[in-house]
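**Q** Next comes the structure file coords_21.txt, holding compact mmCIF, C-alpha atoms and all ligand atoms.
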```txt
# COMPACT_ATOMS: atom_id res chain seq x y z
CA MET A 1 11.23 -33.55 -5.80
CA PRO A 2 11.87 -30.71 -3.32
CA GLN A 3 10.82 -30.67 0.30
CA ILE A 4 7.43 -28.92 0.36
CA ILE A 5 7.37 -26.58 3.35
CA ASP A 6 3.91 -27.03 4.82
CA GLY A 7 2.87 -23.67 6.28
CA LYS A 8 -0.62 -24.94 7.02
CA ALA A 9 0.65 -27.72 9.28
CA ILE A 10 3.33 -25.54 10.93
CA SER A 11 0.90 -22.69 11.61
CA ALA A 12 -1.61 -25.18 13.07
CA ALA A 13 1.10 -26.52 15.40
CA ILE A 14 1.98 -22.99 16.55
CA LYS A 15 -1.67 -22.18 17.22
CA ASP A 16 -2.06 -25.40 19.23
CA GLU A 17 1.03 -24.54 21.29
CA LEU A 18 -0.36 -21.06 21.98
CA LYS A 19 -3.78 -22.44 22.92
CA LYS A 20 -2.09 -24.69 25.50
CA GLU A 21 0.09 -21.84 26.81
CA VAL A 22 -2.92 -19.54 27.20
CA ALA A 23 -4.85 -22.25 29.09
CA ASP A 24 -1.91 -23.47 31.22
CA LYS A 25 -0.76 -20.00 32.26
CA ASN A 26 -4.28 -18.63 32.47
CA ILE A 27 -3.33 -15.75 30.18
CA SER A 28 -6.09 -13.27 29.48
CA ALA A 29 -5.52 -11.33 26.28
CA VAL A 30 -7.72 -9.11 24.17
CA LEU A 31 -6.92 -7.93 20.65
CA ALA A 32 -8.67 -4.83 19.28
CA VAL A 33 -9.21 -5.14 15.54
CA ILE A 34 -10.00 -1.94 13.65
CA GLN A 35 -11.28 -1.96 10.09
CA VAL A 36 -12.16 1.25 8.25
CA GLY A 37 -14.44 0.81 5.25
CA CYS A 38 -15.52 -2.53 3.82
CA ASP A 39 -12.80 -3.67 1.42
CA PRO A 40 -13.76 -7.34 0.84
CA ALA A 41 -10.18 -8.68 1.12
CA SER A 42 -9.72 -6.80 4.43
CA THR A 43 -13.01 -8.24 5.72
CA VAL A 44 -11.74 -11.77 4.97
CA TYR A 45 -8.39 -11.10 6.73
CA VAL A 46 -10.09 -9.55 9.76
CA GLY A 47 -12.47 -12.54 9.96
CA SER A 48 -9.55 -15.00 9.90
CA LYS A 49 -7.73 -13.07 12.63
CA LYS A 50 -10.79 -13.07 14.89
CA LYS A 51 -11.29 -16.81 14.26
CA ALA A 52 -7.68 -17.50 15.23
CA CYS A 53 -8.13 -15.49 18.46
CA ALA A 54 -11.23 -17.52 19.34
CA TYR A 55 -9.39 -20.81 18.67
CA ILE A 56 -6.46 -19.89 20.91
CA GLY A 57 -8.65 -18.56 23.69
CA ILE A 58 -7.96 -14.87 23.46
CA GLY A 59 -10.64 -12.23 23.13
CA SER A 60 -11.11 -9.93 20.18
CA GLU A 61 -12.99 -6.64 20.08
CA SER A 62 -14.05 -5.44 16.64
CA PHE A 63 -14.28 -1.84 15.55
CA GLU A 64 -15.89 -1.67 12.11
CA LEU A 65 -15.80 1.99 11.13
CA PRO A 66 -17.40 3.58 8.07
CA GLU A 67 -15.28 4.56 5.05
CA GLU A 68 -15.82 8.27 5.80
CA THR A 69 -14.24 8.04 9.28
CA THR A 70 -11.83 10.96 9.67
CA GLU A 71 -8.17 10.69 10.64
CA GLU A 72 -8.96 12.54 13.88
CA GLU A 73 -11.71 10.06 14.78
CA LEU A 74 -9.41 7.11 14.14
CA ILE A 75 -6.63 8.68 16.19
CA ALA A 76 -9.10 9.25 19.03
CA LEU A 77 -10.07 5.55 18.95
CA VAL A 78 -6.41 4.43 18.95
CA ASP A 79 -5.72 6.76 21.90
CA ARG A 80 -8.68 5.31 23.79
CA LEU A 81 -7.50 1.73 23.14
CA ASN A 82 -3.92 2.63 24.09
CA ALA A 83 -5.22 3.79 27.47
CA ASP A 84 -7.53 0.80 28.00
CA ASP A 85 -5.87 -1.78 30.29
CA LYS A 86 -8.19 -4.54 29.08
CA ILE A 87 -6.76 -4.27 25.54
CA ASN A 88 -3.36 -5.92 25.01
CA GLY A 89 -2.95 -5.59 21.26
CA ILE A 90 -4.18 -3.13 18.63
CA LEU A 91 -4.41 -4.07 14.98
CA VAL A 92 -5.42 -1.55 12.33
CA GLN A 93 -6.22 -3.46 9.15
CA LEU A 94 -4.39 -1.96 6.16
CA PRO A 95 -4.87 -0.46 3.67
CA LEU A 96 -6.73 2.50 5.14
CA PRO A 97 -8.85 4.79 2.93
CA SER A 98 -6.67 7.30 1.06
CA HIS A 99 -7.78 10.31 3.15
CA ILE A 100 -6.13 8.76 6.24
CA ASP A 101 -2.35 8.86 6.67
CA GLU A 102 -1.37 5.26 7.50
CA LYS A 103 1.98 6.27 8.96
CA LYS A 104 0.33 8.67 11.39
CA ILE A 105 -2.00 5.93 12.61
CA ILE A 106 0.72 3.27 12.95
CA ASN A 107 2.94 5.73 14.84
CA ARG A 108 0.07 6.47 17.23
CA ILE A 109 -0.36 2.86 18.40
CA SER A 110 1.39 2.25 21.72
CA PRO A 111 4.60 0.27 21.03
CA LEU A 112 3.53 -2.02 23.89
CA LYS A 113 0.38 -2.97 21.93
CA ASP A 114 1.91 -2.96 18.44
CA VAL A 115 1.18 -6.62 17.62
CA ASP A 116 1.70 -6.03 13.87
CA GLY A 117 5.26 -4.87 14.59
CA PHE A 118 4.98 -1.89 12.23
CA HIS A 119 5.70 0.93 14.75
CA PRO A 120 9.11 2.61 14.31
CA TRP A 121 9.94 1.58 17.89
CA SER A 122 9.40 -2.11 17.00
CA VAL A 123 11.39 -1.76 13.77
CA GLY A 124 14.21 -0.03 15.66
CA ASN A 125 14.34 -2.81 18.26
CA LEU A 126 14.52 -5.39 15.48
CA CYS A 127 17.32 -3.45 13.83
CA ILE A 128 19.51 -3.38 16.95
CA GLY A 129 18.60 -6.88 18.11
CA GLN A 130 16.47 -5.88 21.08
CA GLU A 131 13.32 -7.63 22.27
CA GLY A 132 10.15 -6.34 20.60
CA PHE A 133 7.29 -7.14 18.27
CA VAL A 134 8.35 -8.37 14.83
CA SER A 135 6.35 -7.99 11.63
CA CYS A 136 4.31 -11.20 11.34
CA THR A 137 5.03 -12.39 7.78
CA PRO A 138 8.85 -12.34 8.01
CA ALA A 139 8.73 -13.71 11.58
CA GLY A 140 6.59 -16.54 10.20
CA ILE A 141 9.18 -17.28 7.51
CA ILE A 142 11.91 -17.70 10.13
CA GLU A 143 9.63 -20.17 11.97
CA LEU A 144 8.99 -22.04 8.71
CA LEU A 145 12.74 -22.39 8.12
CA LYS A 146 13.54 -23.42 11.69
CA ARG A 147 10.73 -25.93 11.98
CA SER A 148 11.70 -27.42 8.60
CA ASN A 149 15.30 -27.85 9.87
CA ILE A 150 16.71 -25.49 7.26
CA GLU A 151 19.85 -23.86 8.60
CA ILE A 152 20.25 -20.11 8.14
CA GLU A 153 23.63 -19.53 9.81
CA GLY A 154 26.39 -18.89 7.30
CA LYS A 155 24.02 -19.29 4.34
CA GLU A 156 23.70 -16.91 1.39
CA CYS A 157 20.24 -15.37 1.78
CA VAL A 158 18.75 -13.21 -0.97
CA VAL A 159 15.53 -11.24 -0.37
CA ILE A 160 13.75 -9.79 -3.40
CA GLY A 161 11.73 -6.79 -2.17
CA ARG A 162 12.47 -4.00 0.31
CA SER A 163 9.04 -3.13 1.69
CA ASN A 164 8.78 -2.04 5.31
CA ILE A 165 6.47 -4.91 6.23
CA VAL A 166 8.18 -7.81 4.44
CA GLY A 167 11.50 -7.25 2.63
CA LYS A 168 13.38 -5.09 5.15
CA PRO A 169 12.36 -6.94 8.34
CA MET A 170 12.97 -10.25 6.52
CA ALA A 171 16.54 -9.21 5.75
CA LEU A 172 17.10 -8.09 9.37
CA LEU A 173 15.76 -11.37 10.76
CA LEU A 174 17.94 -13.47 8.45
CA LEU A 175 20.91 -11.36 9.50
CA ALA A 176 20.03 -11.91 13.17
CA GLU A 177 20.15 -15.65 12.43
CA ASN A 178 23.68 -15.16 11.04
CA GLY A 179 22.78 -15.45 7.38
CA THR A 180 24.77 -13.47 4.79
CA VAL A 181 22.06 -11.26 3.40
CA THR A 182 21.55 -9.43 0.10
CA ILE A 183 18.47 -7.28 -0.52
CA CYS A 184 17.29 -6.85 -4.12
CA HIS A 185 14.68 -4.44 -5.40
CA SER A 186 13.21 -2.90 -8.53
CA ARG A 187 16.47 -1.06 -9.40
CA THR A 188 18.80 -4.02 -8.80
CA LYS A 189 21.03 -4.87 -11.74
CA GLY A 190 21.78 -8.50 -12.55
CA LEU A 191 18.89 -9.79 -10.40
CA LYS A 192 18.96 -13.35 -11.75
CA GLU A 193 22.70 -13.75 -11.14
CA ILE A 194 22.38 -12.45 -7.56
CA CYS A 195 19.41 -14.72 -6.86
CA ARG A 196 21.32 -17.72 -8.22
CA ARG A 197 23.86 -17.23 -5.42
CA ALA A 198 21.19 -17.84 -2.80
CA ASP A 199 20.97 -20.86 -0.54
CA ILE A 200 17.76 -19.26 0.75
CA LEU A 201 15.79 -17.11 -1.70
CA VAL A 202 12.82 -15.09 -0.43
CA ALA A 203 10.54 -13.58 -3.07
CA ALA A 204 8.40 -10.65 -1.85
CA VAL A 205 8.01 -8.80 -5.12
CA GLY A 206 4.29 -8.67 -5.79
CA LYS A 207 4.67 -9.96 -9.38
CA PRO A 208 2.91 -13.22 -10.24
CA LYS A 209 5.25 -16.11 -11.12
CA MET A 210 8.19 -13.76 -11.76
CA VAL A 211 10.76 -16.06 -10.19
CA THR A 212 11.49 -18.88 -12.61
CA ARG A 213 14.19 -21.57 -12.46
CA GLU A 214 16.77 -19.17 -13.97
CA TYR A 215 16.74 -17.36 -10.61
CA VAL A 216 17.32 -20.47 -8.54
CA LYS A 217 20.48 -22.39 -7.65
CA GLU A 218 20.15 -26.18 -7.65
CA GLY A 219 19.06 -27.29 -4.17
CA ALA A 220 18.17 -23.80 -2.86
CA THR A 221 15.32 -23.14 -0.43
CA VAL A 222 12.71 -20.92 -2.10
CA ILE A 223 10.24 -18.96 0.04
CA ASP A 224 7.33 -17.39 -1.80
CA VAL A 225 5.62 -14.46 -0.05
CA GLY A 226 3.48 -13.31 -2.99
CA ILE A 227 -0.25 -13.89 -3.18
CA HIS A 228 -2.12 -13.23 -6.42
CA ARG A 229 -5.52 -14.31 -7.65
CA MET A 230 -5.36 -15.41 -11.26
CA ASP A 231 -8.11 -15.07 -13.86
CA ASP A 232 -9.22 -18.68 -13.27
CA GLY A 233 -9.76 -17.84 -9.58
CA LYS A 234 -6.75 -19.88 -8.38
CA LEU A 235 -4.01 -18.37 -6.20
CA CYS A 236 -0.36 -18.15 -7.22
CA GLY A 237 2.76 -16.57 -5.76
CA ASP A 238 5.75 -14.55 -6.96
CA VAL A 239 7.44 -17.86 -7.76
CA ASP A 240 6.54 -20.06 -10.72
CA PHE A 241 6.12 -23.16 -8.55
CA ASP A 242 5.95 -25.75 -11.36
CA ASP A 243 9.01 -24.34 -13.10
CA VAL A 244 11.13 -23.92 -9.94
CA SER A 245 10.18 -27.13 -8.06
CA PRO A 246 12.44 -29.50 -10.03
CA VAL A 247 15.57 -27.46 -9.14
CA ALA A 248 14.73 -26.31 -5.59
CA GLY A 249 15.77 -28.24 -2.49
CA ALA A 250 12.77 -26.93 -0.54
CA ILE A 251 9.91 -24.64 -1.50
CA THR A 252 6.77 -23.08 -0.03
CA PRO A 253 3.54 -23.57 -1.98
CA VAL A 254 0.91 -20.87 -2.56
CA PRO A 255 -1.57 -21.27 -0.97
CA GLY A 256 -0.50 -23.15 2.15
CA GLY A 257 3.05 -21.80 2.58
CA VAL A 258 3.81 -18.36 4.01
CA GLY A 259 0.18 -17.14 4.10
CA PRO A 260 -1.07 -19.14 7.12
CA MET A 261 2.05 -18.19 9.10
CA THR A 262 1.18 -14.49 9.17
CA ILE A 263 -1.89 -15.03 11.35
CA ALA A 264 -0.11 -17.60 13.53
CA MET A 265 2.64 -15.06 14.27
CA LEU A 266 0.07 -12.35 14.98
CA MET A 267 -1.28 -14.69 17.65
CA VAL A 268 2.26 -15.18 19.00
CA ASN A 269 2.55 -11.40 19.30
CA CYS A 270 -0.85 -11.11 21.05
CA VAL A 271 0.12 -13.70 23.65
CA LYS A 272 3.49 -11.95 24.08
CA ALA A 273 1.72 -8.61 24.60
CA ALA A 274 -0.52 -10.10 27.29
CA SER A 275 2.33 -11.97 29.00
CA ARG A 276 4.46 -8.82 29.09
CA LYS A 277 1.72 -6.97 30.91
CA GLU A 278 1.42 -9.71 33.52
CA ASN A 279 5.16 -9.69 34.25
P1 LIG B 301 5.50 -4.01 -2.06
O1 LIG B 301 4.82 -3.72 -3.34
O2 LIG B 301 5.42 -3.06 -0.93
O3 LIG B 301 7.06 -4.27 -2.34
C1 LIG B 301 7.51 -4.96 -3.45
C2 LIG B 301 9.01 -4.87 -3.51
O4 LIG B 301 9.45 -5.57 -4.67
C3 LIG B 301 9.54 -3.45 -3.64
O5 LIG B 301 10.50 -3.24 -2.64
C4 LIG B 301 10.17 -3.36 -5.02
O6 LIG B 301 11.38 -2.64 -5.01
C5 LIG B 301 10.42 -4.82 -5.36
N1 LIG B 301 10.26 -5.07 -6.79
C6 LIG B 301 9.21 -4.74 -7.56
N2 LIG B 301 9.44 -5.12 -8.85
C7 LIG B 301 10.63 -5.73 -8.84
C8 LIG B 301 11.41 -6.34 -9.85
N3 LIG B 301 10.98 -6.43 -11.11
N4 LIG B 301 12.60 -6.86 -9.51
C9 LIG B 301 13.06 -6.79 -8.23
N5 LIG B 301 12.36 -6.23 -7.25
C10 LIG B 301 11.17 -5.71 -7.53
O7 LIG B 301 4.98 -5.46 -1.62
P2 LIG B 301 4.96 -6.22 -0.20
O8 LIG B 301 3.97 -5.59 0.70
O9 LIG B 301 6.34 -6.43 0.30
O10 LIG B 301 4.36 -7.61 -0.69
C11 LIG B 301 5.01 -8.43 -1.65
C12 LIG B 301 4.10 -9.58 -2.01
O11 LIG B 301 3.84 -10.35 -0.84
C13 LIG B 301 2.72 -9.17 -2.54
O12 LIG B 301 2.32 -10.14 -3.50
C14 LIG B 301 1.82 -9.28 -1.33
O13 LIG B 301 0.49 -9.54 -1.67
C15 LIG B 301 2.44 -10.42 -0.61
N6 LIG B 301 2.24 -10.44 0.85
C16 LIG B 301 1.88 -11.62 1.39
C17 LIG B 301 1.73 -11.71 2.77
C18 LIG B 301 1.38 -13.03 3.34
O14 LIG B 301 0.86 -13.11 4.44
N7 LIG B 301 1.65 -14.12 2.65
C19 LIG B 301 1.94 -10.60 3.58
C20 LIG B 301 2.34 -9.40 2.99
C21 LIG B 301 2.49 -9.33 1.62
```
If you took the structure in this file and wrote it as structure tokens, what would it be?

**A**
Amino acid sequence: MPQIIDGKAISAAIKDELKKEVADKNISAVLAVIQVGCDPASTVYVGSKKKACAYIGIGSESFELPEETTEEELIALVDRLNADDKINGILVQLPLPSHIDEKKIINRISPLKDVDGFHPWSVGNLCIGQEGFVSCTPAGIIELLKRSNIEIEGKECVVIGRSNIVGKPMALLLLAENGTVTICHSRTKGLKEICRRADILVAAVGKPKMVTREYVKEGATVIDVGIHRMDDGKLCGDVDFDDVSPVAGAITPVPGGVGPMTIAMLMVNCVKAASRKEN
């Protein structure tokens, strides 16, 4: 049986470490959380983020805006929070209603408060190996690998997916850890053969159970970023866990793998934002 990479336990350990750091160093941090409209999934995510803040000992200020909020009104709020010294991090829960340009809003957040790591400044720093905020899900995957003693250096790493929030930053982070990285996407030819080269395979495709054992080399580490709710109400990932498990060396389950790490790394970024200000 493969090593099951326990994201729940690893994220809990990270949150405990942060809680201690915040108490020991007397760090005072406040995260502003903006939600526009009342998409039920977004409400659940926002609730979990606020709960994590409370656990670690950092403050959160909620801004629950109506669906009909205009782009100008949202920009005005972001500007106000950018200028507010009491606020260390700003999180705008995505997706935004279709009448608001997400890019415009992300680009408006001060790079110093960009705890989601989506601002072009943060992405640029990641690209050239400079200190900055890193997108939480891929940063969480690096932590999962390191804390599970899975070496990245010199390994063949294949990332399926090239989104700005998962695939691309994932590839850059694996590269920064000295992996040999291949990025695959919807137009890639010979996907299975490329994936079978991987020592570390990251699936961020958004297609339930697409990755079967034909994509996986014997003994490979398989990281599943996907989250899908099936008709029976259960969650599954982009990887067919039951099919892949017998051949994988290590694998993340869904739920309980990558998912919990995203919020843990958001908390890492919030503490970093507050510590930076105090320096
Ligand atoms: P996305 O839709 O933005 O990107 C999907 C990528 O997959 C694209 O780059 C596309 O080129 C590629 N792709 C699509 N079909 C493909 C195919 N048949 N073969 C090869 N490549 C293909 O999605 P995303 O935002 O990167 O998210 C991916 C998945 O991860 C989704 O299921 C999402 O719900 C999940 N997700 C989970 C977390 C978490 O915290 N666990 C965070 C973000 C996203």

**Q** Please identify the residues whose atoms come within 6 Å of ligand LIG 301 (chain B), using all atoms listed in the file, and report them as a list in words.

**A**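 With all atoms listed in the file and a cut-off of 6 Å, ligand LIG 301 (chain B) is contacted by Thr137, Ile160, Gly161, Arg162, Ser163, Val166, Gly167, Cys184, His185, Ser186, Ala204, Val205, Gly206, Val225, Gly226, Ile227, Val258, Gly259 and Thr262 of chain A.
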
**Q** Would you mind telling me which residue in A:Leu191, A:Leu144, A:Val36, A:Ile27 lies nearest to Lys272 of chain A when using only C-alpha atoms?

**A**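 Nearest candidate to Lys272 of chain A out of A:Leu191, A:Leu144, A:Val36, A:Ile27: A:Ile27.
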
**Q** Which distance in Å separates atom CA of Glu156 of chain A and atom CA of Ile200 of chain A, to one decimal?

**A**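 For atom CA of Glu156 of chain A relative to atom CA of Ile200 of chain A, the distance reads 6.4 Å.
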
**Q** Just checking: using only C-alpha atoms, which residue out of A:Tyr45, A:Trp121, A:Tyr215, A:Tyr55 ends up closest to Val247 of chain A?

**A**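 Of A:Tyr45, A:Trp121, A:Tyr215, A:Tyr55, the one nearest Val247 of chain A is A:Tyr215, counting only C-alpha atoms.
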
**Q** For a test of reading the model, state the distance in Å between atom CA of Gly132 of chain A and atom CA of Ala274 of chain A, rounded to one decimal.

**A**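 These atoms are spaced 13.1 Å apart.
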
**Q** So, with only C-alpha atoms as the atoms that count, which of A:Leu65, A:Val254, A:Leu175, A:Ala32 lies closest to Leu81 of chain A?

**A**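 Distance minimum relative to Leu81 of chain A lands on A:Ala32.
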
**Q** Per residue of segment 164-275 of chain A within 12 Å of segment 59-64 of chain A, note the shortest atom pair and the distance in Å to one decimal, counting all atoms listed in the file, and order the rows by chain and increasing residue number, as a tab-separated table.

**A**
```
residue	atom	partner	partner_atom	distance
A:Met267	CA	A:Gly59	CA	11.1
A:Cys270	CA	A:Gly59	CA	10.1
A:Val271	CA	A:Gly59	CA	10.9
A:Ala274	CA	A:Gly59	CA	11.1
```

**Q** So the first atom is atom CA of Glu21 of chain A and the second is atom CA of Leu266 of chain A; what is the distance between them in Å, to one decimal place?

**A**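 Between these atoms lies a distance of 15.2 Å.
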
**Q** If we count all atoms listed in the file and set the cut-off at 7 Å, which residues sit around Lys8 of chain A, ignoring sequence neighbours fewer than 2 positions away in its own chain? Please answer as a list in words.

**A**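 What passes the distance filter is Asp6, Ile10, Ser11, Ala12, Gly256, Gly257 and Pro260 of chain A.
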
**Q** Save segment 227-253 of chain A of the structure in the block above to a file, with N, CA, C and O atoms included, as an mmCIF file, in the first residue's frame.

**A**
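Okay, this is what ended up in out_21.cif:
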```cif
data_model
loop_
_atom_site.group_PDB
_atom_site.id
_atom_site.type_symbol
_atom_site.label_atom_id
_atom_site.label_comp_id
_atom_site.auth_asym_id
_atom_site.auth_seq_id
_atom_site.Cartn_x
_atom_site.Cartn_y
_atom_site.Cartn_z
ATOM 1 N N ILE A 227 -11.111 18.864 -6.444
ATOM 2 C CA ILE A 227 -12.188 18.616 -5.475
ATOM 3 C C ILE A 227 -13.499 18.614 -6.257
ATOM 4 O O ILE A 227 -13.833 19.617 -6.908
ATOM 5 N N HIS A 228 -14.215 17.521 -6.184
ATOM 6 C CA HIS A 228 -15.507 17.424 -6.871
ATOM 7 C C HIS A 228 -16.505 16.747 -5.951
ATOM 8 O O HIS A 228 -16.145 15.795 -5.254
ATOM 9 N N ARG A 229 -17.744 17.237 -5.981
ATOM 10 C CA ARG A 229 -18.787 16.543 -5.214
ATOM 11 C C ARG A 229 -19.537 15.631 -6.173
ATOM 12 O O ARG A 229 -20.033 16.051 -7.199
ATOM 13 N N MET A 230 -19.580 14.357 -5.814
ATOM 14 C CA MET A 230 -20.247 13.388 -6.699
ATOM 15 C C MET A 230 -21.743 13.329 -6.374
ATOM 16 O O MET A 230 -22.199 13.900 -5.386
ATOM 17 N N ASP A 231 -22.471 12.619 -7.238
ATOM 18 C CA ASP A 231 -23.929 12.554 -7.081
ATOM 19 C C ASP A 231 -24.346 11.992 -5.719
ATOM 20 O O ASP A 231 -25.363 12.382 -5.164
ATOM 21 N N ASP A 232 -23.530 11.072 -5.170
ATOM 22 C CA ASP A 232 -23.874 10.490 -3.861
ATOM 23 C C ASP A 232 -23.480 11.403 -2.693
ATOM 24 O O ASP A 232 -23.576 11.013 -1.531
ATOM 25 N N GLY A 233 -22.993 12.621 -3.022
ATOM 26 C CA GLY A 233 -22.654 13.587 -1.977
ATOM 27 C C GLY A 233 -21.204 13.481 -1.511
ATOM 28 O O GLY A 233 -20.703 14.364 -0.822
ATOM 29 N N LYS A 234 -20.506 12.386 -1.894
ATOM 30 C CA LYS A 234 -19.113 12.221 -1.447
ATOM 31 C C LYS A 234 -18.182 13.077 -2.306
ATOM 32 O O LYS A 234 -18.521 13.428 -3.437
ATOM 33 N N LEU A 235 -16.992 13.371 -1.747
ATOM 34 C CA LEU A 235 -16.001 14.149 -2.499
ATOM 35 C C LEU A 235 -15.029 13.218 -3.211
ATOM 36 O O LEU A 235 -14.713 12.142 -2.707
ATOM 37 N N CYS A 236 -14.569 13.635 -4.395
ATOM 38 C CA CYS A 236 -13.477 12.903 -5.035
ATOM 39 C C CYS A 236 -12.540 13.925 -5.668
ATOM 40 O O CYS A 236 -12.850 15.113 -5.733
ATOM 41 N N GLY A 237 -11.393 13.450 -6.142
ATOM 42 C CA GLY A 237 -10.413 14.352 -6.740
ATOM 43 C C GLY A 237 -10.286 14.152 -8.238
ATOM 44 O O GLY A 237 -11.152 13.529 -8.873
ATOM 45 N N ASP A 238 -9.187 14.668 -8.793
ATOM 46 C CA ASP A 238 -8.883 14.460 -10.216
ATOM 47 C C ASP A 238 -8.263 13.078 -10.431
ATOM 48 O O ASP A 238 -8.114 12.628 -11.559
ATOM 49 N N VAL A 239 -7.861 12.444 -9.323
ATOM 50 C CA VAL A 239 -7.215 11.137 -9.387
ATOM 51 C C VAL A 239 -8.213 10.062 -8.939
ATOM 52 O O VAL A 239 -8.944 10.258 -7.969
ATOM 53 N N ASP A 240 -8.211 8.949 -9.666
ATOM 54 C CA ASP A 240 -9.026 7.807 -9.256
ATOM 55 C C ASP A 240 -8.241 7.064 -8.170
ATOM 56 O O ASP A 240 -7.395 6.219 -8.451
ATOM 57 N N PHE A 241 -8.513 7.435 -6.925
ATOM 58 C CA PHE A 241 -7.703 6.988 -5.783
ATOM 59 C C PHE A 241 -7.618 5.457 -5.707
ATOM 60 O O PHE A 241 -6.535 4.898 -5.536
ATOM 61 N N ASP A 242 -8.749 4.779 -5.841
ATOM 62 C CA ASP A 242 -8.741 3.312 -5.673
ATOM 63 C C ASP A 242 -7.943 2.635 -6.778
ATOM 64 O O ASP A 242 -7.259 1.646 -6.550
ATOM 65 N N ASP A 243 -8.016 3.190 -7.985
ATOM 66 C CA ASP A 243 -7.301 2.604 -9.110
ATOM 67 C C ASP A 243 -5.794 2.858 -9.018
ATOM 68 O O ASP A 243 -4.986 1.988 -9.329
ATOM 69 N N VAL A 244 -5.428 4.073 -8.560
ATOM 70 C CA VAL A 244 -4.018 4.490 -8.571
ATOM 71 C C VAL A 244 -3.250 3.982 -7.342
ATOM 72 O O VAL A 244 -2.062 3.653 -7.428
ATOM 73 N N SER A 245 -3.932 3.882 -6.205
ATOM 74 C CA SER A 245 -3.255 3.521 -4.943
ATOM 75 C C SER A 245 -2.329 2.306 -5.039
ATOM 76 O O SER A 245 -1.202 2.365 -4.546
ATOM 77 N N PRO A 246 -2.750 1.206 -5.664
ATOM 78 C CA PRO A 246 -1.871 0.034 -5.675
ATOM 79 C C PRO A 246 -0.540 0.251 -6.395
ATOM 80 O O PRO A 246 0.416 -0.453 -6.104
ATOM 81 N N VAL A 247 -0.459 1.247 -7.309
ATOM 82 C CA VAL A 247 0.814 1.454 -8.017
ATOM 83 C C VAL A 247 1.624 2.629 -7.452
ATOM 84 O O VAL A 247 2.840 2.693 -7.641
ATOM 85 N N ALA A 248 0.963 3.548 -6.755
ATOM 86 C CA ALA A 248 1.663 4.749 -6.273
ATOM 87 C C ALA A 248 2.550 4.414 -5.077
ATOM 88 O O ALA A 248 2.267 3.478 -4.323
ATOM 89 N N GLY A 249 3.630 5.228 -4.915
ATOM 90 C CA GLY A 249 4.457 5.088 -3.726
ATOM 91 C C GLY A 249 3.883 5.907 -2.579
ATOM 92 O O GLY A 249 3.985 5.550 -1.407
ATOM 93 N N ALA A 250 3.288 7.061 -2.937
ATOM 94 C CA ALA A 250 2.651 7.936 -1.953
ATOM 95 C C ALA A 250 1.525 8.670 -2.670
ATOM 96 O O ALA A 250 1.613 8.937 -3.874
ATOM 97 N N ILE A 251 0.477 8.998 -1.928
ATOM 98 C CA ILE A 251 -0.688 9.615 -2.578
ATOM 99 C C ILE A 251 -1.449 10.461 -1.562
ATOM 100 O O ILE A 251 -1.465 10.156 -0.365
ATOM 101 N N THR A 252 -2.048 11.560 -2.055
ATOM 102 C CA THR A 252 -2.907 12.367 -1.173
ATOM 103 C C THR A 252 -4.359 11.923 -1.358
ATOM 104 O O THR A 252 -4.813 11.733 -2.489
ATOM 105 N N PRO A 253 -5.098 11.774 -0.280
ATOM 106 C CA PRO A 253 -6.513 11.432 -0.405
ATOM 107 C C PRO A 253 -7.356 12.688 -0.641
ATOM 108 O O PRO A 253 -6.892 13.801 -0.422
#
```
